[in-house]
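As stored in upload_9.cif (mmCIF, C-alpha atoms):
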```
data_data
loop_
_atom_site.group_PDB
_atom_site.id
_atom_site.type_symbol
_atom_site.label_atom_id
_atom_site.label_comp_id
_atom_site.auth_asym_id
_atom_site.auth_seq_id
_atom_site.Cartn_x
_atom_site.Cartn_y
_atom_site.Cartn_z
ATOM 1 C CA MET A 943 15.271 7.848 29.252
ATOM 2 C CA LYS A 944 12.979 4.984 30.275
ATOM 3 C CA ASP A 945 13.865 1.485 29.081
ATOM 4 C CA THR A 946 10.680 1.210 27.015
ATOM 5 C CA GLN A 947 8.952 4.120 25.329
ATOM 6 C CA ILE A 948 5.704 4.286 23.411
ATOM 7 C CA ILE A 949 5.234 6.497 20.363
ATOM 8 C CA LEU A 950 1.801 7.365 18.979
ATOM 9 C CA GLY A 951 1.630 8.000 15.244
ATOM 10 C CA ILE A 952 -1.325 9.757 13.647
ATOM 11 C CA ASP A 953 -2.454 9.938 10.021
ATOM 12 C CA PRO A 954 -5.046 12.712 10.335
ATOM 13 C CA GLY A 955 -8.201 12.736 8.274
ATOM 14 C CA THR A 956 -11.750 13.978 8.426
ATOM 15 C CA LEU A 957 -13.259 10.760 7.058
ATOM 16 C CA VAL A 958 -10.740 8.253 8.435
ATOM 17 C CA MET A 959 -8.042 8.948 11.011
ATOM 18 C CA GLY A 960 -5.319 6.331 11.261
ATOM 19 C CA TYR A 961 -3.415 5.680 14.473
ATOM 20 C CA GLY A 962 -0.538 3.413 15.380
ATOM 21 C CA LEU A 963 1.378 2.786 18.575
ATOM 22 C CA ILE A 964 4.842 1.304 18.745
ATOM 23 C CA SER A 965 6.947 0.259 21.717
ATOM 24 C CA VAL A 966 10.645 1.070 21.557
ATOM 25 C CA ASN A 967 13.514 -0.096 23.742
ATOM 26 C CA LYS A 968 17.244 -0.332 23.174
ATOM 27 C CA SER A 969 17.082 -3.602 21.250
ATOM 28 C CA ASN A 970 13.571 -3.847 19.853
ATOM 29 C CA VAL A 971 10.747 -1.972 18.159
ATOM 30 C CA SER A 972 7.334 -3.628 18.201
ATOM 31 C CA LEU A 973 3.782 -2.827 17.211
ATOM 32 C CA ILE A 974 1.356 -2.350 20.096
ATOM 33 C CA GLU A 975 -1.801 -1.419 18.247
ATOM 34 C CA MET A 976 -2.995 0.139 15.030
ATOM 35 C CA GLY A 977 -6.412 1.059 13.767
ATOM 36 C CA VAL A 978 -8.668 3.706 12.357
ATOM 37 C CA LEU A 979 -11.342 6.032 13.594
ATOM 38 C CA GLN A 980 -14.074 6.037 10.952
ATOM 39 C CA LEU A 981 -15.779 9.388 10.787
ATOM 40 C CA SER A 982 -17.645 9.294 7.474
ATOM 41 C CA LYS A 983 -21.003 8.398 9.030
ATOM 42 C CA HIS A 984 -20.929 11.654 11.017
ATOM 43 C CA LYS A 985 -22.036 14.467 8.728
ATOM 44 C CA ASP A 986 -21.271 17.393 11.056
ATOM 45 C CA HIS A 987 -17.638 18.478 10.741
ATOM 46 C CA ALA A 988 -17.534 19.791 14.319
ATOM 47 C CA GLU A 989 -18.722 16.404 15.591
ATOM 48 C CA ARG A 990 -15.931 14.695 13.639
ATOM 49 C CA LEU A 991 -13.370 17.003 15.224
ATOM 50 C CA HIS A 992 -14.794 16.266 18.660
ATOM 51 C CA LEU A 993 -14.491 12.506 18.001
ATOM 52 C CA ILE A 994 -10.868 12.938 16.894
ATOM 53 C CA PHE A 995 -10.100 14.793 20.123
ATOM 54 C CA LYS A 996 -11.815 12.115 22.249
ATOM 55 C CA LYS A 997 -9.979 9.278 20.445
ATOM 56 C CA MET A 998 -6.647 11.033 20.983
ATOM 57 C CA GLU A 999 -7.430 11.514 24.676
ATOM 58 C CA SER A 1000 -8.358 7.832 24.985
ATOM 59 C CA LEU A 1001 -5.232 6.537 23.197
ATOM 60 C CA ILE A 1002 -2.990 8.775 25.303
ATOM 61 C CA ALA A 1003 -4.700 7.818 28.576
ATOM 62 C CA ILE A 1004 -4.535 4.080 27.859
ATOM 63 C CA HIS A 1005 -1.042 3.776 26.349
ATOM 64 C CA LYS A 1006 0.782 6.736 27.912
ATOM 65 C CA PRO A 1007 3.043 7.558 24.942
ATOM 66 C CA VAL A 1008 6.119 9.717 25.428
ATOM 67 C CA ALA A 1009 5.757 11.256 21.971
ATOM 68 C CA VAL A 1010 3.146 11.947 19.319
ATOM 69 C CA ALA A 1011 4.118 12.039 15.658
ATOM 70 C CA ILE A 1012 1.694 13.292 13.063
ATOM 71 C CA GLU A 1013 1.766 13.302 9.285
ATOM 72 C CA ALA A 1014 1.789 16.830 7.897
ATOM 73 C CA PRO A 1015 -0.866 17.471 5.274
ATOM 74 C CA PHE A 1016 0.220 17.361 1.671
ATOM 75 C CA PHE A 1017 -0.854 20.261 -0.482
ATOM 76 C CA GLY A 1018 -3.769 19.442 -2.776
ATOM 77 C CA LYS A 1019 -5.845 21.468 -5.171
ATOM 78 C CA ASN A 1020 -9.077 21.366 -3.169
ATOM 79 C CA VAL A 1021 -8.865 24.222 -0.685
ATOM 80 C CA GLN A 1022 -11.898 23.061 1.338
ATOM 81 C CA SER A 1023 -10.402 19.602 1.801
ATOM 82 C CA MET A 1024 -7.093 21.128 2.905
ATOM 83 C CA LEU A 1025 -8.845 23.343 5.464
ATOM 84 C CA LYS A 1026 -10.753 20.381 6.908
ATOM 85 C CA LEU A 1027 -7.625 18.242 7.034
ATOM 86 C CA GLY A 1028 -5.742 21.076 8.750
ATOM 87 C CA ARG A 1029 -8.469 21.310 11.372
ATOM 88 C CA ALA A 1030 -8.297 17.552 11.997
ATOM 89 C CA GLN A 1031 -4.548 17.778 12.383
ATOM 90 C CA GLY A 1032 -4.877 20.794 14.688
ATOM 91 C CA VAL A 1033 -7.347 18.970 16.937
ATOM 92 C CA ALA A 1034 -5.016 15.960 17.184
ATOM 93 C CA ILE A 1035 -2.104 18.262 18.082
ATOM 94 C CA ALA A 1036 -4.252 20.112 20.638
ATOM 95 C CA ALA A 1037 -5.242 16.811 22.289
ATOM 96 C CA ALA A 1038 -1.561 15.849 22.546
ATOM 97 C CA MET A 1039 -0.707 19.238 24.031
ATOM 98 C CA MET A 1040 -3.556 18.993 26.543
ATOM 99 C CA SER A 1041 -1.885 15.789 27.760
ATOM 100 C CA GLY A 1042 1.490 17.485 28.063
ATOM 101 C CA LEU A 1043 2.941 15.905 24.924
ATOM 102 C CA HIS A 1044 4.687 17.591 22.028
ATOM 103 C CA ALA A 1045 3.435 16.578 18.585
ATOM 104 C CA THR A 1046 6.091 16.436 15.883
ATOM 105 C CA GLU A 1047 5.051 16.768 12.245
ATOM 106 C CA TYR A 1048 6.634 14.816 9.404
ATOM 107 C CA ALA A 1049 6.094 15.378 5.700
ATOM 108 C CA PRO A 1050 4.865 12.328 3.749
ATOM 109 C CA ARG A 1051 8.100 12.249 1.729
ATOM 110 C CA LYS A 1052 10.207 12.279 4.928
ATOM 111 C CA ILE A 1053 8.184 9.374 6.341
ATOM 112 C CA LYS A 1054 8.623 7.285 3.187
ATOM 113 C CA GLN A 1055 12.344 8.100 3.072
ATOM 114 C CA SER A 1056 12.745 7.092 6.706
ATOM 115 C CA ILE A 1057 10.899 3.777 6.327
ATOM 116 C CA THR A 1058 12.008 2.595 2.881
ATOM 117 C CA GLY A 1059 15.047 4.699 2.030
ATOM 118 C CA ARG A 1060 13.090 6.275 -0.865
ATOM 119 C CA GLY A 1061 11.019 9.444 -0.561
ATOM 120 C CA ASN A 1062 8.856 8.493 -3.532
ATOM 121 C CA ALA A 1063 7.988 4.985 -2.306
ATOM 122 C CA THR A 1064 4.434 3.723 -2.769
ATOM 123 C CA LYS A 1065 2.090 2.957 0.126
ATOM 124 C CA GLU A 1066 2.510 -0.723 -0.715
ATOM 125 C CA GLN A 1067 6.307 -0.469 -0.422
ATOM 126 C CA VAL A 1068 5.951 1.269 2.944
ATOM 127 C CA LEU A 1069 3.555 -1.477 4.080
ATOM 128 C CA LYS A 1070 5.974 -4.192 2.946
ATOM 129 C CA MET A 1071 8.833 -2.622 4.919
ATOM 130 C CA LEU A 1072 6.621 -2.162 8.004
ATOM 131 C CA THR A 1073 5.464 -5.773 7.766
ATOM 132 C CA HIS A 1074 9.080 -6.894 7.636
ATOM 133 C CA THR A 1075 10.385 -4.539 10.337
ATOM 134 C CA LEU A 1076 7.556 -4.980 12.849
ATOM 135 C CA ASN A 1077 6.497 -8.551 11.943
ATOM 136 C CA ILE A 1078 2.933 -7.438 11.206
ATOM 137 C CA VAL A 1079 0.793 -10.491 10.528
ATOM 138 C CA GLU A 1080 -2.698 -9.062 10.807
ATOM 139 C CA ASP A 1081 -4.929 -8.361 7.819
ATOM 140 C CA ILE A 1082 -4.535 -4.732 6.777
ATOM 141 C CA ARG A 1083 -7.828 -3.192 5.679
ATOM 142 C CA PHE A 1084 -6.957 0.467 5.989
ATOM 143 C CA MET A 1085 -3.715 1.982 4.757
ATOM 144 C CA ASP A 1086 -4.467 4.898 7.097
ATOM 145 C CA ALA A 1087 -3.540 2.632 10.028
ATOM 146 C CA THR A 1088 -0.243 1.525 8.503
ATOM 147 C CA ASP A 1089 0.496 5.117 7.479
ATOM 148 C CA ALA A 1090 0.129 6.076 11.149
ATOM 149 C CA VAL A 1091 2.488 3.270 12.206
ATOM 150 C CA ALA A 1092 4.969 4.564 9.609
ATOM 151 C CA VAL A 1093 4.751 8.048 11.156
ATOM 152 C CA ALA A 1094 5.506 6.628 14.618
ATOM 153 C CA LEU A 1095 8.430 4.570 13.288
ATOM 154 C CA CYS A 1096 9.744 7.590 11.380
ATOM 155 C CA HIS A 1097 9.724 9.566 14.632
ATOM 156 C CA HIS A 1098 11.682 6.809 16.340
ATOM 157 C CA TYR A 1099 14.254 6.715 13.539
ATOM 158 C CA GLN A 1100 14.604 10.513 13.503
ATOM 159 C CA HIS A 1101 14.920 10.764 17.286
ATOM 160 C CA ARG A 1102 17.321 7.845 17.530
ATOM 161 C CA THR A 1103 19.410 9.194 14.668
ATOM 162 C CA ALA A 1104 19.586 12.621 16.336
ATOM 163 C CA VAL A 1105 20.707 11.010 19.610
ATOM 164 C CA LEU A 1106 23.314 8.893 17.826
ATOM 165 C CA LYS A 1107 24.661 11.910 15.943
ATOM 166 C CA THR A 1108 24.921 13.912 19.165
ATOM 167 C CA GLU A 1109 26.663 11.091 21.035
ATOM 168 C CA SER A 1110 29.154 10.293 18.273
ATOM 169 C CA ALA A 1111 29.581 13.724 16.697
ATOM 170 C CA PRO A 1112 33.228 14.581 16.069
ATOM 171 C CA LYS A 1113 34.520 17.914 17.324
ATOM 172 C CA THR A 1114 34.948 19.165 13.755
ATOM 173 C CA ARG A 1115 32.040 19.389 11.399
ATOM 174 C CA ALA A 1116 32.005 16.406 9.048
ATOM 175 C CA LYS A 1117 30.784 16.507 5.478
ATOM 176 C CA LYS A 1118 27.168 15.313 5.194
ATOM 177 C CA ASN A 1119 26.979 11.864 3.633
ATOM 178 C CA ASN A 1120 23.715 10.894 1.946
ATOM 179 C CA SER A 1121 24.930 7.584 0.567
ATOM 180 C CA TRP A 1122 23.248 4.198 0.933
ATOM 181 C CA ALA A 1123 26.234 3.051 3.013
ATOM 182 C CA SER A 1124 25.642 5.933 5.421
ATOM 183 C CA PHE A 1125 21.934 5.024 5.696
ATOM 184 C CA VAL A 1126 22.785 1.361 6.410
ATOM 185 C CA ALA A 1127 25.405 2.358 8.982
ATOM 186 C CA THR A 1128 22.899 4.580 10.787
ATOM 187 C CA ASN A 1129 20.044 2.036 10.567
ATOM 188 C CA PRO A 1130 21.593 -1.454 10.899
ATOM 189 C CA GLU A 1131 18.410 -3.060 12.275
ATOM 190 C CA ARG A 1132 16.562 -2.202 9.066
ATOM 191 C CA VAL A 1133 18.858 -4.353 6.941
ATOM 192 C CA LYS A 1134 18.040 -8.052 7.018
#
```
Go ahead and render the structure in this file as structure tokens.
Amino acid sequence: MKDTQIILGIDPGTLVMGYGLISVNKSNVSLIEMGVLQLSKHKDHAERLHLIFKKMESLIAIHKPVAVAIEAPFFGKNVQSMLKLGRAQGVAIAAAMMSGLHATEYAPRKIKQSITGRGNATKEQVLKMLTHTLNIVEDIRFMDATDAVAVALCHHYQHRTAVLKTESAPKTRAKKNNSWASFVATNPERVK
């Protein structure tokens, strides 16, 4: 494993796609960049998908992430919206794959749980925790950008937790502990 790794988080959308890049090393996690790709002025859906692909290619070429994390679509009632969102997500995943990267999906509830400790946290609570954890001082205009940063940070927490569990796993299978104390023990840097 390299000393510093970059993770690209994506909040897919057909009107606004959020992206966030974090840098991770053994002692620090920091924000590199976050932003949005605004697609609403482009009426043709195929053109929007093309722009998503090009933005992904650009972000990957510039920042050279080792991983791409993407928010899985939530299930809504509007089938057409779900199909369009699925296409946007698919294009983002395809762009990652074309660059030799694996894209890992995370459900919105999993992301919120990973960032705040609560799966039903609000976007504002997620933003507050991100601001605290990553020392974000810039003006946030689009929650899509911070959602993407949350996806990237979630991936880091999930990957780091998996590595820690593998390294410290006892030979016998231990009972799963979902307590707050267990969360704090696994994520000490998130407690201030």
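Using all atoms listed in the file, the nearest neighbour of Ala1011 of chain A within the list A:Ala1090, A:Val958, A:Leu1069, A:Leu1025 is A:Ala1090.
With all atoms listed in the file as the atoms that count, the minimum distance from Thr1088 of chain A to the choices A:Thr1128, A:Pro1007, A:Asp953, A:Ile948 is reached by A:Asp953.
Proximity ranking of A:Met976, A:Ile1057, A:Met1071, A:Met959 relative to Val1033 of chain A places A:Met959 first, based on only C-alpha atoms.
Proximity to Asn970 of chain A was assessed for A:Leu1076, A:Ile1002, A:Val1091, A:Val1010 counting all atoms listed in the file; the smallest distance is recorded for A:Leu1076.
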Picked residues, the PyMOL selection byres ((chain A and resi 954) around 7), expected as a JSON list (two decimals) with C-alpha atoms, keeping the file's coordinate frame:
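The file below, part-v8.json, is the result:
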```json
[["chain", "number", "residue", "atom", "x", "y", "z"],
["A", 952, "ILE", "CA", -1.32, 9.76, 13.65],
["A", 953, "ASP", "CA", -2.45, 9.94, 10.02],
["A", 955, "GLY", "CA", -8.20, 12.74, 8.27],
["A", 959, "MET", "CA", -8.04, 8.95, 11.01],
["A", 960, "GLY", "CA", -5.32, 6.33, 11.26],
["A", 1013, "GLU", "CA", 1.77, 13.30, 9.28],
["A", 1027, "LEU", "CA", -7.62, 18.24, 7.03],
["A", 1030, "ALA", "CA", -8.30, 17.55, 12.00],
["A", 1031, "GLN", "CA", -4.55, 17.78, 12.38]]
```
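Checking A:Lys1026, A:His1005, A:His1097, A:Arg1132 one by one against Thr1075 of chain A, counting all atoms listed in the file, you find the shortest gap at A:Arg1132.
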Residue neighbourhood Arg1083 of chain A, 10 Å, only C-alpha atoms, exclusion window fewer than 4 positions, as a ChimeraX atom specification: /A:977-978,1087-1088
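Separating atom CA of Ser972 of chain A from atom CA of Leu950 of chain A is a distance of 12.3 Å.
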Top pick for closest residue to Asn967 of chain A, considering A:Ile1035, A:Lys997, A:His1098, A:Leu991 and counting only C-alpha atoms: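 Nearest candidate to Asn967 of chain A out of A:Ile1035, A:Lys997, A:His1098, A:Leu991: A:His1098.
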